[in-house]
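Remarks on the structure that follows.
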Amino acid sequence: MSMEDIFERFETEVKRGAMQVAVMCLLEKERYGYDIIKSLKDAGLGVEEGTLYPILRRLEDEKILTSRWVTEGPRPRKYYAITEYGREIRGKLLGSMKSVSSAIERLESEMNGGN
Amino acid sequence: MYDKLIDDYLNDVTKDMGAEQRNDVSKELRTHILDSADALAAEKKIPVDDVIVREVISKMGPAEKIAAMYPSKETFLEKSGLWKVVQVLGGIAVAFLIVAGILWVVAPDVLAMPLSIIINIVFALALAMVVITAIFLVIYVYESRLKVPYEARLHRLNKSLQDATSPLKVWLTVAMAVIGLAVITIFWPYIPFLDGFGPDGRLIPLFTPDFASFIPYIIILGLFNIAIQLLYLSLRQKWVPSLLDVVLSCCNGLLTIWILTVFPFNPGFTPIIVAGIKVVLVFAVIGCLVDAAKKLWQAAQFFIHGSPEKSKAV
């Protein structure tokens with residue numbers, strides 16, 4: 001496996017986890033899939049577009065998100081929003097991510113100091 | 001058309017999903033693909049075409065990968081309760097076989113009669129299992145393989161028939177016009193109609209040779225219609241054939257009024273039949289006027305927005 005492949009696999013895994021939290025943050029306001037992807041791209045979290053929808057479905061199954069179809073307009077759109085339960089989980093996840101991030105930063109600075 | 005590209009991709013993503021999830025996921029992903037295609041086409045300042053849709057689909061990622069990411073739902077076998085039904089029937093059959101076995105051990109002399117009954121019951125249960133499985137299999141094939149693609153095809157067909165510029169609608173209209181012209185020019189002297197109600201009613205020709213003077217006008221309008229349909233395919237400014245369609249509808253209305261004033265051609269019809277046909281002709285005139293108004297509205301939308309579809313999106 002080449003270095004690019006390994007990097008891509010790591011990046012995909014990290015991004016997928018981060019994307020779920022990012023989606024929970026974005027869905028404080030009701031949005032539909034295409035709108036979420038645009039916002040993620042604007043935030044620097046470009047993803048393979050098709051992968052968002054299974055994630056939304058999974059979060060919905062886990063009662064983290066709620067959804068409704070809006071059929072007015074030229075195309076039917078499925079709007080998602082975060083639930084109260086989802087907000088609780090999001091709070092915990094954000095805390096966990098921050099602690100992981102600061103731990104990594106500490107390890108990095110130790111590593112650099114060690115060099 | 002790119003609709004087929006989208007359908008094929010969505011079928012690949014949703015082929016192993018239950019009917020409800022399949023429908024939901026297809027609808028959501030189709031909207032995403034069309035939204036992305038619109039955005040990409042606007043960015044490139046070109047209309048949405050197969051190339052744009054292919055690019056969008058490639059950005060979505062491989063269908064198999066996306067399908068695998070969806071949370072797996074209950075399988076049809078679990079959801080339908082088929083497995084439970086088969087289990088219960090199998091259990092009953094096994095219970096009868098056990099009873100037969102016990103009888104064979106404890107009372108072999110009285111076994112002959114009950115054994116035949118038990119064999120019949122077990123056979124009936126096995127048959128029930130086969131029939132129930134076959135029925136569920138048919139439902140499964142319909143729900144998972146036929147329902148959504150069939151609905152998608154019907155939806156696409158309906159959309160094509162509503163779109164004046166779609167090749168399907170154009171060629172269908174041309175074919176109908178050609179058949180209509182052939183029938184009217186060859187068979188008009190032989191079209192029969194009931195001359196009156198009651199026991200004496202008989203079939204007589206609807207038209208007399210006087211009607212022959214209308215045939216050239218009908219042929220001209222038919223050919224005009226075919227030319228308009230072909231213009232829908234060849235011209236980019238769709239409002240031009242749409243406006244010509246308005247003229248055609250008005251001409252059809254005028255011709256019908258003319259026929260109405262001359263009718264009946266055949267004096268053999270009773271007054272009530274003549275009145276009935278005249279009412280139908282009046283409705284035909286009204287229909288032509290309504291059609292002209294609709295075509296005028298369509299022409300205006302083509303002129304302003306480029307297509308009626310885009311005007312809905314505004």
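Here's how to read the names in the structure tokens: chain A, B, ... by the order shown, residue numbers from 1 in each chain, ligand numbers from 1 in the order shown.
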May I ask you to extract the residues of chain B within 6 Å of chain A, using only C-alpha atoms, and to give them as a PDB file with C-alpha atoms, in the first residue's frame?
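Result file is iface22.pdb:
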ATOM      1  CA  HIS B  32     -29.185  15.898  -4.662  1.00  0.00           C
ATOM      2  CA  MET B  60     -21.137  11.075  -5.302  1.00  0.00           C
ATOM      3  CA  GLY B  61     -18.858   8.039  -5.154  1.00  0.00           C
ATOM      4  CA  ILE B  66     -22.709   4.236  -0.619  1.00  0.00           C
ATOM      5  CA  MET B  69     -22.747   2.679   4.264  1.00  0.00           C
ATOM      6  CA  TYR B  70     -26.511   2.758   4.745  1.00  0.00           C
ATOM      7  CA  PRO B  71     -27.643   1.172   8.013  1.00  0.00           C
ATOM      8  CA  ALA B 313     -38.300  26.771 -10.132  1.00  0.00           C
TER       9      ALA B 313
END
Can you work out which one of B:Phe207, B:Ala39, B:Phe303, B:Phe283 has the shortest atom-to-atom distance to B:Tyr190, counting only C-alpha atoms?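 So, comparing all the options, the nearest one is B:Phe207.
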To one decimal in Å, tell me the separation between atom CA of B:Val247 and atom CA of B:Tyr232.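 Between these atoms lies a distance of 15.0 Å.
Here the strand (DSSP E or B) residues in chain A, by DSSP on the backbone, are A:Arg31, A:Tyr32, A:Leu65, A:Thr66, A:Ser67, A:Arg68, A:Trp69, A:Val70, A:Arg77, A:Lys78, A:Tyr79, A:Tyr80, A:Ala81, A:Ile82.
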Which residue, B:Trp239, B:Val290, B:Phe193, B:Asn252, has the smallest gap to B:Ile273 when you use only C-alpha atoms?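 Nearest candidate to B:Ile273 out of B:Trp239, B:Val290, B:Phe193, B:Asn252: B:Phe193.
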All alpha helix (DSSP H) residues (DSSP, backbone) inside stretch 5-102 of chain B, as an MDAnalysis selection string: chainID B and resid 5:14 19:44 50:60 63:69 76:80 82:102
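A straight line drawn from atom CA of B:Leu231 to atom CA of B:Leu254 is 23.3 Å long.
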